[in-house]
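See below for the structure under consideration.
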Amino acid sequence: MGSSCSAQCWVGSADPDWASHSLGIFICLNCSGIHRNIPQVSKVKSVRLDDWDDAQVEFMASNGNNVAKAKYESKMPPFYYKPTFLDCQLLREQWIRAKYERKEFIHSEKQEPYSAGYREGFLWKRGRDNGQFLSRKFVLSEREGALKYFNRNDAKEPKAIMKIEHLNATFQPAKIGNPHGLQITYLKDNSTRNIFVYHEDGKEIVDWFNAIRAARFHYLQVAFPGASDADLVPKLSRNYLKEGYMEKTGPKQTEGFKKRWFTMDDRRLMYFKDPLDAFARGEVFIGSKENSYKVLEGLPPSTQGNHWQHGITIVTPDRKFLFACETEDDQLEWITTFQKVISRPMLPQEYAVEAHFKHKP
C-alpha cells in the first residue's frame with residue numbers, strides 16, 4: 001500500500017500519523033496542514049486519534065500512496081521539481097495542489113505554463129543598488145537559449161541576458177524576506193550574478209521555477225544526447241550546500257578579518273558584504289583532494305585579527321584561505337560541507353572552470 005508521505009516529506013522518519021481518507025493516502029504533519037486547505041479535494045484525519053468507519057478503512061486499504069502515485073503522477077514530466085521535507089512551504093504546497101487539486105500530472109495540457117518552451121510575465125525584482133522591488137518583464141525562451149528581463153515595458157533591448165546553460169534558480173524565502181522569494185543566478189564574465197525576485201501568486205513563481213528547470217532539461221538533452229533523465233535531472237537546479245556568516249582575511253593574511261556572507265554553490269565558495277548583494281566580493285574554487293585541495297580545522301599559530309575563535313583553513317594549490325566562525329557548531333558544519341566537496345572527484349568540465357577561475361582576494 002505504501003505509507004510514506006505522498007510529498008516525500010517523511011524521508012527517514014517513522015510512518016506518518018495523518019491520512020487523507022478522500023484520496024486514500026498517508027501524509028506527514030506538515031503536509032496535513034496543506035491538505036486541510038483544500039477540503040474540496042482532501043479530507044484529513046489523524047491515524048491514531050480520530051474515529052474511522054469501516055468504509056474509510058477499506059478505502060485506505062485498497063488505495064494507499066503507491067496507488068495514488070501511479071494515478072496522480074502518471075504524466076509528470078521528469079523536470080518538474082518534487083519537493084522533500086527540506087524544501088520551503090511554498091514548494092510543498094504547490095506540489096500538493098498541482099498533483100491533487102489541479103491534477104496537472106494526469107492532464108498534460110495543464111502543464112503548458114512551464115513546459116511550452118516560452119514564458120513571459122512580470123516579476124517583482126530587487127534593485128541592485130537601492131534594494132527596492134520593482135515590477136520587471138521577464139521572458140524565457142528555449143529557442144533563444146536565454147532568460148531576459150527588461151527595465152521598461154516598452155524597452156526593445158533587455159537589461160540582462162542570462163544563458164540557460166549557466167542558469168540556476170533556488171527558493172530563498174528567509175533570505176529575501178518573502179515566502180515566494182526566488183534567487184536566480186547566472187554567470188557574467190565568469191563571475192556569479194544574483195537576481196532576487198518574487199510574485200504574489202505562489203503558483204506563478206513555482207511555474208517560473210519549473211519553466212527554468214524545463215529549459216535547462218531540454219538544453220542538457222541536446223548537450224548530452226546519450227544521458228538518461230536520471231543523469232540530467234540533478235543538474236537542472238541546485239540548492240546551495242551551505243550559507244552563513246564567517247570572517248575572512250586577505251591573501252597576505254596580515255589584514256584584519258572582516259565579516260562576510262558566504263555561499264557554497266557546488267564548487268564555488270562566494271563571499272558577499274550583504275546576503276542580497278548582486279555580485280560576490282570574491283569567489284574561491286574548491287577542487288578535490290586528488291588535486292591538492294584540503295580543509296583544516298583551526299588557523300596558523302601566527303594568525304591575528306580574527307574576532308571569532310573557531311578557525312578554518314582551506315588549502316588550494318595556489319594559497320591558503322583563512323576563515324573564522326562564531327561558534328563551534330558553525331565551524332563543524334562548514335568543515336563538513338567543505339570536506340564533502342573536496343572528497344568528490346572533479347569532473348572533466350570542472351577542470352576547465354578551475355583553469356579559468358577568477359577570484360577577488
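Lettering and numbering for the C-alpha cells are positional, with chains as A, B, ... in the shown order, residues counted from 1 in each chain, and ligands counted from 1 in the shown order.
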How would you write, as a PDB file with C-alpha atoms, in the first residue's frame, the set of residues in segment 293-343 of chain A that DSSP gives as strand (DSSP E)?
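The new file states24.pdb reads:
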ATOM      1  CA  LYS A 294      42.193  20.211   1.689  1.00  0.00           C
ATOM      2  CA  VAL A 295      40.395  21.711   4.662  1.00  0.00           C
ATOM      3  CA  LEU A 296      41.971  22.015   8.122  1.00  0.00           C
ATOM      4  CA  GLU A 297      40.446  22.820  11.476  1.00  0.00           C
ATOM      5  CA  HIS A 310      36.728  28.912  15.562  1.00  0.00           C
ATOM      6  CA  GLY A 311      39.063  28.871  12.566  1.00  0.00           C
ATOM      7  CA  ILE A 312      39.105  27.023   9.257  1.00  0.00           C
ATOM      8  CA  THR A 313      41.987  26.856   6.771  1.00  0.00           C
ATOM      9  CA  ILE A 314      41.360  25.865   3.159  1.00  0.00           C
ATOM     10  CA  VAL A 315      44.495  24.842   1.287  1.00  0.00           C
ATOM     11  CA  LYS A 320      45.720  29.196   1.878  1.00  0.00           C
ATOM     12  CA  PHE A 321      42.383  30.820   2.724  1.00  0.00           C
ATOM     13  CA  LEU A 322      41.689  31.620   6.363  1.00  0.00           C
ATOM     14  CA  PHE A 323      38.195  31.836   7.842  1.00  0.00           C
ATOM     15  CA  ALA A 324      36.781  32.136  11.354  1.00  0.00           C
ATOM     16  CA  CYS A 325      33.350  31.063  12.626  1.00  0.00           C
TER      17      CYS A 325
END
Inset, instruction - Using DSSP on the backbone coordinates, identify the residues of segment 73-210 of chain A assigned to helix (DSSP H, G or I); present them as a ChimeraX atom specification. - result: /A:89-101,108-115,164-166,173-176,202-210
Inset, instruction - Find the residues around Asn153 of chain A up to 9 Å (only C-alpha atoms counted), leave out those fewer than 2 positions away in its own chain, and share them as a ChimeraX atom specification. - result: /A:136-137,150-151,155-156
Include N, CA, C and O atoms and write out the residues we just selected as a PDB file, in the first residue's frame.
ATOM      1  N   ARG A 136       9.189  44.027 -13.144  1.00  0.00           N
ATOM      2  CA  ARG A 136      10.008  43.924 -14.348  1.00  0.00           C
ATOM      3  C   ARG A 136       9.471  42.789 -15.240  1.00  0.00           C
ATOM      4  O   ARG A 136       9.028  41.751 -14.753  1.00  0.00           O
ATOM      5  N   LYS A 137       9.557  43.006 -16.549  1.00  0.00           N
ATOM      6  CA  LYS A 137       9.124  41.990 -17.502  1.00  0.00           C
ATOM      7  C   LYS A 137      10.244  40.975 -17.715  1.00  0.00           C
ATOM      8  O   LYS A 137      11.385  41.334 -17.980  1.00  0.00           O
ATOM      9  N   PHE A 150      13.594  43.097 -18.675  1.00  0.00           N
ATOM     10  CA  PHE A 150      13.572  44.437 -19.250  1.00  0.00           C
ATOM     11  C   PHE A 150      13.243  45.446 -18.154  1.00  0.00           C
ATOM     12  O   PHE A 150      12.358  45.227 -17.334  1.00  0.00           O
ATOM     13  N   ASN A 151      13.958  46.571 -18.168  1.00  0.00           N
ATOM     14  CA  ASN A 151      13.744  47.605 -17.145  1.00  0.00           C
ATOM     15  C   ASN A 151      12.484  48.426 -17.397  1.00  0.00           C
ATOM     16  O   ASN A 151      11.932  49.014 -16.472  1.00  0.00           O
ATOM     17  N   ALA A 155      10.795  48.750 -23.495  1.00  0.00           N
ATOM     18  CA  ALA A 155      12.212  48.632 -23.865  1.00  0.00           C
ATOM     19  C   ALA A 155      12.389  47.581 -24.959  1.00  0.00           C
ATOM     20  O   ALA A 155      11.812  46.499 -24.900  1.00  0.00           O
ATOM     21  N   LYS A 156      13.184  47.937 -25.967  1.00  0.00           N
ATOM     22  CA  LYS A 156      13.477  46.985 -27.044  1.00  0.00           C
ATOM     23  C   LYS A 156      14.612  46.050 -26.671  1.00  0.00           C
ATOM     24  O   LYS A 156      14.653  44.900 -27.110  1.00  0.00           O
TER      25      LYS A 156
END
Legend entry - Pro345 of chain A environment, 9 Å, only C-alpha atoms, sequence neighbours closer than 3 positions dropped, as a VMD selection string: chain A and resid 287 to 291 341 to 342
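Proximity to segment 129-134 of chain A at 10 Å, evaluated using only C-alpha atoms and with sequence-adjacent residues fewer than 5 positions away removed, yields Phe122, Leu123, Trp124, Asn151, Phe196, Val197, Tyr198, Leu276, Asp277 and Ala278 of chain A.
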Could the residues in this selection be written to a file with all heavy atoms, as a PDB file, in the first residue's frame?
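Output contents, as saved in part-v2.pdb:
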ATOM      1  N   PHE A 122       5.485  39.277 -15.582  1.00  0.00           N
ATOM      2  CA  PHE A 122       6.094  40.282 -14.709  1.00  0.00           C
ATOM      3  C   PHE A 122       6.400  39.680 -13.343  1.00  0.00           C
ATOM      4  O   PHE A 122       5.569  38.957 -12.769  1.00  0.00           O
ATOM      5  CB  PHE A 122       5.169  41.492 -14.564  1.00  0.00           C
ATOM      6  CG  PHE A 122       5.077  42.311 -15.823  1.00  0.00           C
ATOM      7  CD1 PHE A 122       4.140  41.998 -16.804  1.00  0.00           C
ATOM      8  CD2 PHE A 122       5.937  43.376 -16.040  1.00  0.00           C
ATOM      9  CE1 PHE A 122       4.057  42.737 -17.977  1.00  0.00           C
ATOM     10  CE2 PHE A 122       5.865  44.125 -17.203  1.00  0.00           C
ATOM     11  CZ  PHE A 122       4.924  43.808 -18.174  1.00  0.00           C
ATOM     12  N   LEU A 123       7.590  39.970 -12.858  1.00  0.00           N
ATOM     13  CA  LEU A 123       8.018  39.572 -11.527  1.00  0.00           C
ATOM     14  C   LEU A 123       8.515  40.805 -10.777  1.00  0.00           C
ATOM     15  O   LEU A 123       9.013  41.749 -11.392  1.00  0.00           O
ATOM     16  CB  LEU A 123       9.150  38.533 -11.602  1.00  0.00           C
ATOM     17  CG  LEU A 123       8.835  37.199 -12.266  1.00  0.00           C
ATOM     18  CD1 LEU A 123      10.109  36.373 -12.409  1.00  0.00           C
ATOM     19  CD2 LEU A 123       7.795  36.424 -11.466  1.00  0.00           C
ATOM     20  N   TRP A 124       8.384  40.785  -9.471  1.00  0.00           N
ATOM     21  CA  TRP A 124       8.967  41.842  -8.647  1.00  0.00           C
ATOM     22  C   TRP A 124      10.454  41.530  -8.469  1.00  0.00           C
ATOM     23  O   TRP A 124      10.818  40.479  -7.936  1.00  0.00           O
ATOM     24  CB  TRP A 124       8.275  41.922  -7.299  1.00  0.00           C
ATOM     25  CG  TRP A 124       6.857  42.399  -7.399  1.00  0.00           C
ATOM     26  CD1 TRP A 124       5.730  41.646  -7.436  1.00  0.00           C
ATOM     27  CD2 TRP A 124       6.427  43.762  -7.491  1.00  0.00           C
ATOM     28  NE1 TRP A 124       4.615  42.438  -7.546  1.00  0.00           N
ATOM     29  CE2 TRP A 124       5.012  43.751  -7.580  1.00  0.00           C
ATOM     30  CE3 TRP A 124       7.089  44.994  -7.498  1.00  0.00           C
ATOM     31  CZ2 TRP A 124       4.255  44.916  -7.679  1.00  0.00           C
ATOM     32  CZ3 TRP A 124       6.337  46.152  -7.601  1.00  0.00           C
ATOM     33  CH2 TRP A 124       4.940  46.111  -7.687  1.00  0.00           C
ATOM     34  N   ASN A 151      13.958  46.571 -18.168  1.00  0.00           N
ATOM     35  CA  ASN A 151      13.744  47.605 -17.145  1.00  0.00           C
ATOM     36  C   ASN A 151      12.484  48.426 -17.397  1.00  0.00           C
ATOM     37  O   ASN A 151      11.932  49.014 -16.472  1.00  0.00           O
ATOM     38  CB  ASN A 151      14.958  48.538 -17.069  1.00  0.00           C
ATOM     39  CG  ASN A 151      15.914  48.104 -15.957  1.00  0.00           C
ATOM     40  OD1 ASN A 151      15.640  47.145 -15.248  1.00  0.00           O
ATOM     41  ND2 ASN A 151      17.022  48.801 -15.817  1.00  0.00           N
ATOM     42  N   PHE A 196      17.143  38.673  -7.371  1.00  0.00           N
ATOM     43  CA  PHE A 196      16.163  38.251  -6.373  1.00  0.00           C
ATOM     44  C   PHE A 196      14.780  38.711  -6.817  1.00  0.00           C
ATOM     45  O   PHE A 196      14.561  39.906  -7.053  1.00  0.00           O
ATOM     46  CB  PHE A 196      16.509  38.828  -5.004  1.00  0.00           C
ATOM     47  CG  PHE A 196      17.882  38.431  -4.525  1.00  0.00           C
ATOM     48  CD1 PHE A 196      18.960  39.283  -4.694  1.00  0.00           C
ATOM     49  CD2 PHE A 196      18.097  37.199  -3.926  1.00  0.00           C
ATOM     50  CE1 PHE A 196      20.233  38.922  -4.269  1.00  0.00           C
ATOM     51  CE2 PHE A 196      19.363  36.824  -3.492  1.00  0.00           C
ATOM     52  CZ  PHE A 196      20.433  37.690  -3.663  1.00  0.00           C
ATOM     53  N   VAL A 197      13.847  37.758  -6.940  1.00  0.00           N
ATOM     54  CA  VAL A 197      12.517  38.064  -7.461  1.00  0.00           C
ATOM     55  C   VAL A 197      11.450  37.375  -6.611  1.00  0.00           C
ATOM     56  O   VAL A 197      11.737  36.460  -5.839  1.00  0.00           O
ATOM     57  CB  VAL A 197      12.362  37.620  -8.932  1.00  0.00           C
ATOM     58  CG1 VAL A 197      13.343  38.330  -9.847  1.00  0.00           C
ATOM     59  CG2 VAL A 197      12.513  36.104  -9.062  1.00  0.00           C
ATOM     60  N   TYR A 198      10.203  37.827  -6.788  1.00  0.00           N
ATOM     61  CA  TYR A 198       9.064  37.114  -6.213  1.00  0.00           C
ATOM     62  C   TYR A 198       7.826  37.457  -7.028  1.00  0.00           C
ATOM     63  O   TYR A 198       7.818  38.376  -7.852  1.00  0.00           O
ATOM     64  CB  TYR A 198       8.860  37.455  -4.729  1.00  0.00           C
ATOM     65  CG  TYR A 198       8.305  38.832  -4.433  1.00  0.00           C
ATOM     66  CD1 TYR A 198       6.924  39.060  -4.414  1.00  0.00           C
ATOM     67  CD2 TYR A 198       9.148  39.912  -4.172  1.00  0.00           C
ATOM     68  CE1 TYR A 198       6.409  40.317  -4.139  1.00  0.00           C
ATOM     69  CE2 TYR A 198       8.639  41.171  -3.898  1.00  0.00           C
ATOM     70  CZ  TYR A 198       7.271  41.369  -3.884  1.00  0.00           C
ATOM     71  OH  TYR A 198       6.763  42.617  -3.627  1.00  0.00           O
ATOM     72  N   LEU A 276      22.159  39.880   0.166  1.00  0.00           N
ATOM     73  CA  LEU A 276      21.380  40.196  -1.034  1.00  0.00           C
ATOM     74  C   LEU A 276      22.168  41.011  -2.058  1.00  0.00           C
ATOM     75  O   LEU A 276      21.575  41.637  -2.934  1.00  0.00           O
ATOM     76  CB  LEU A 276      20.095  40.934  -0.632  1.00  0.00           C
ATOM     77  CG  LEU A 276      19.116  40.126   0.223  1.00  0.00           C
ATOM     78  CD1 LEU A 276      17.920  40.974   0.634  1.00  0.00           C
ATOM     79  CD2 LEU A 276      18.645  38.876  -0.493  1.00  0.00           C
ATOM     80  N   ASP A 277      23.479  40.993  -1.976  1.00  0.00           N
ATOM     81  CA  ASP A 277      24.301  41.672  -2.981  1.00  0.00           C
ATOM     82  C   ASP A 277      24.147  40.983  -4.339  1.00  0.00           C
ATOM     83  O   ASP A 277      24.002  39.754  -4.417  1.00  0.00           O
ATOM     84  CB  ASP A 277      25.780  41.662  -2.584  1.00  0.00           C
ATOM     85  CG  ASP A 277      26.098  42.698  -1.514  1.00  0.00           C
ATOM     86  OD1 ASP A 277      25.245  43.577  -1.272  1.00  0.00           O
ATOM     87  OD2 ASP A 277      27.200  42.631  -0.932  1.00  0.00           O
ATOM     88  N   ALA A 278      24.220  41.784  -5.403  1.00  0.00           N
ATOM     89  CA  ALA A 278      24.090  41.228  -6.751  1.00  0.00           C
ATOM     90  C   ALA A 278      25.345  40.465  -7.166  1.00  0.00           C
ATOM     91  O   ALA A 278      25.272  39.450  -7.860  1.00  0.00           O
ATOM     92  CB  ALA A 278      23.803  42.350  -7.750  1.00  0.00           C
TER      93      ALA A 278
END
Inset, instruction - Find the spatial neighbours of Thr254 of chain A, counting only C-alpha atoms, within a cut-off of 10 Å - ignore same-chain residues fewer than 2 positions away - and output them as a list in words. - result: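 Close residues of Thr254 of chain A: Thr249, Gly250, Pro251, Lys252, Gly256, Phe257, Ser302, Thr303, Gln304 and Gly305 of chain A.
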Using N, CA and C atoms, can you export the residues from the last selection as a CSV table (one decimal), in the first residue's frame?
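Saved the output as selection08.csv:
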chain,number,residue,atom,x,y,z
A,249,THR,N,40.2,36.9,6.0
A,249,THR,CA,41.3,37.9,5.8
A,249,THR,C,41.8,37.8,4.4
A,250,GLY,N,42.6,38.8,4.0
A,250,GLY,CA,43.1,38.9,2.6
A,250,GLY,C,44.2,37.9,2.3
A,251,PRO,N,44.8,38.0,1.1
A,251,PRO,CA,45.8,37.0,0.6
A,251,PRO,C,47.1,37.1,1.4
A,252,LYS,N,47.4,38.3,1.9
A,252,LYS,CA,48.7,38.4,2.7
A,252,LYS,C,48.5,37.9,4.1
A,256,GLY,N,43.2,42.8,8.8
A,256,GLY,CA,42.2,42.3,9.8
A,256,GLY,C,41.1,41.5,9.2
A,257,PHE,N,40.5,40.7,10.0
A,257,PHE,CA,39.4,39.8,9.5
A,257,PHE,C,38.1,40.6,9.3
A,302,SER,N,50.4,31.9,13.9
A,302,SER,CA,50.7,33.3,13.8
A,302,SER,C,49.6,34.2,13.5
A,303,THR,N,48.4,33.7,13.2
A,303,THR,CA,47.2,34.4,12.7
A,303,THR,C,46.8,35.4,13.8
A,304,GLN,N,46.5,36.7,13.3
A,304,GLN,CA,46.0,37.7,14.2
A,304,GLN,C,44.8,38.4,13.6
A,305,GLY,N,44.0,39.1,14.4
A,305,GLY,CA,43.0,40.0,13.8
A,305,GLY,C,41.6,39.3,13.7
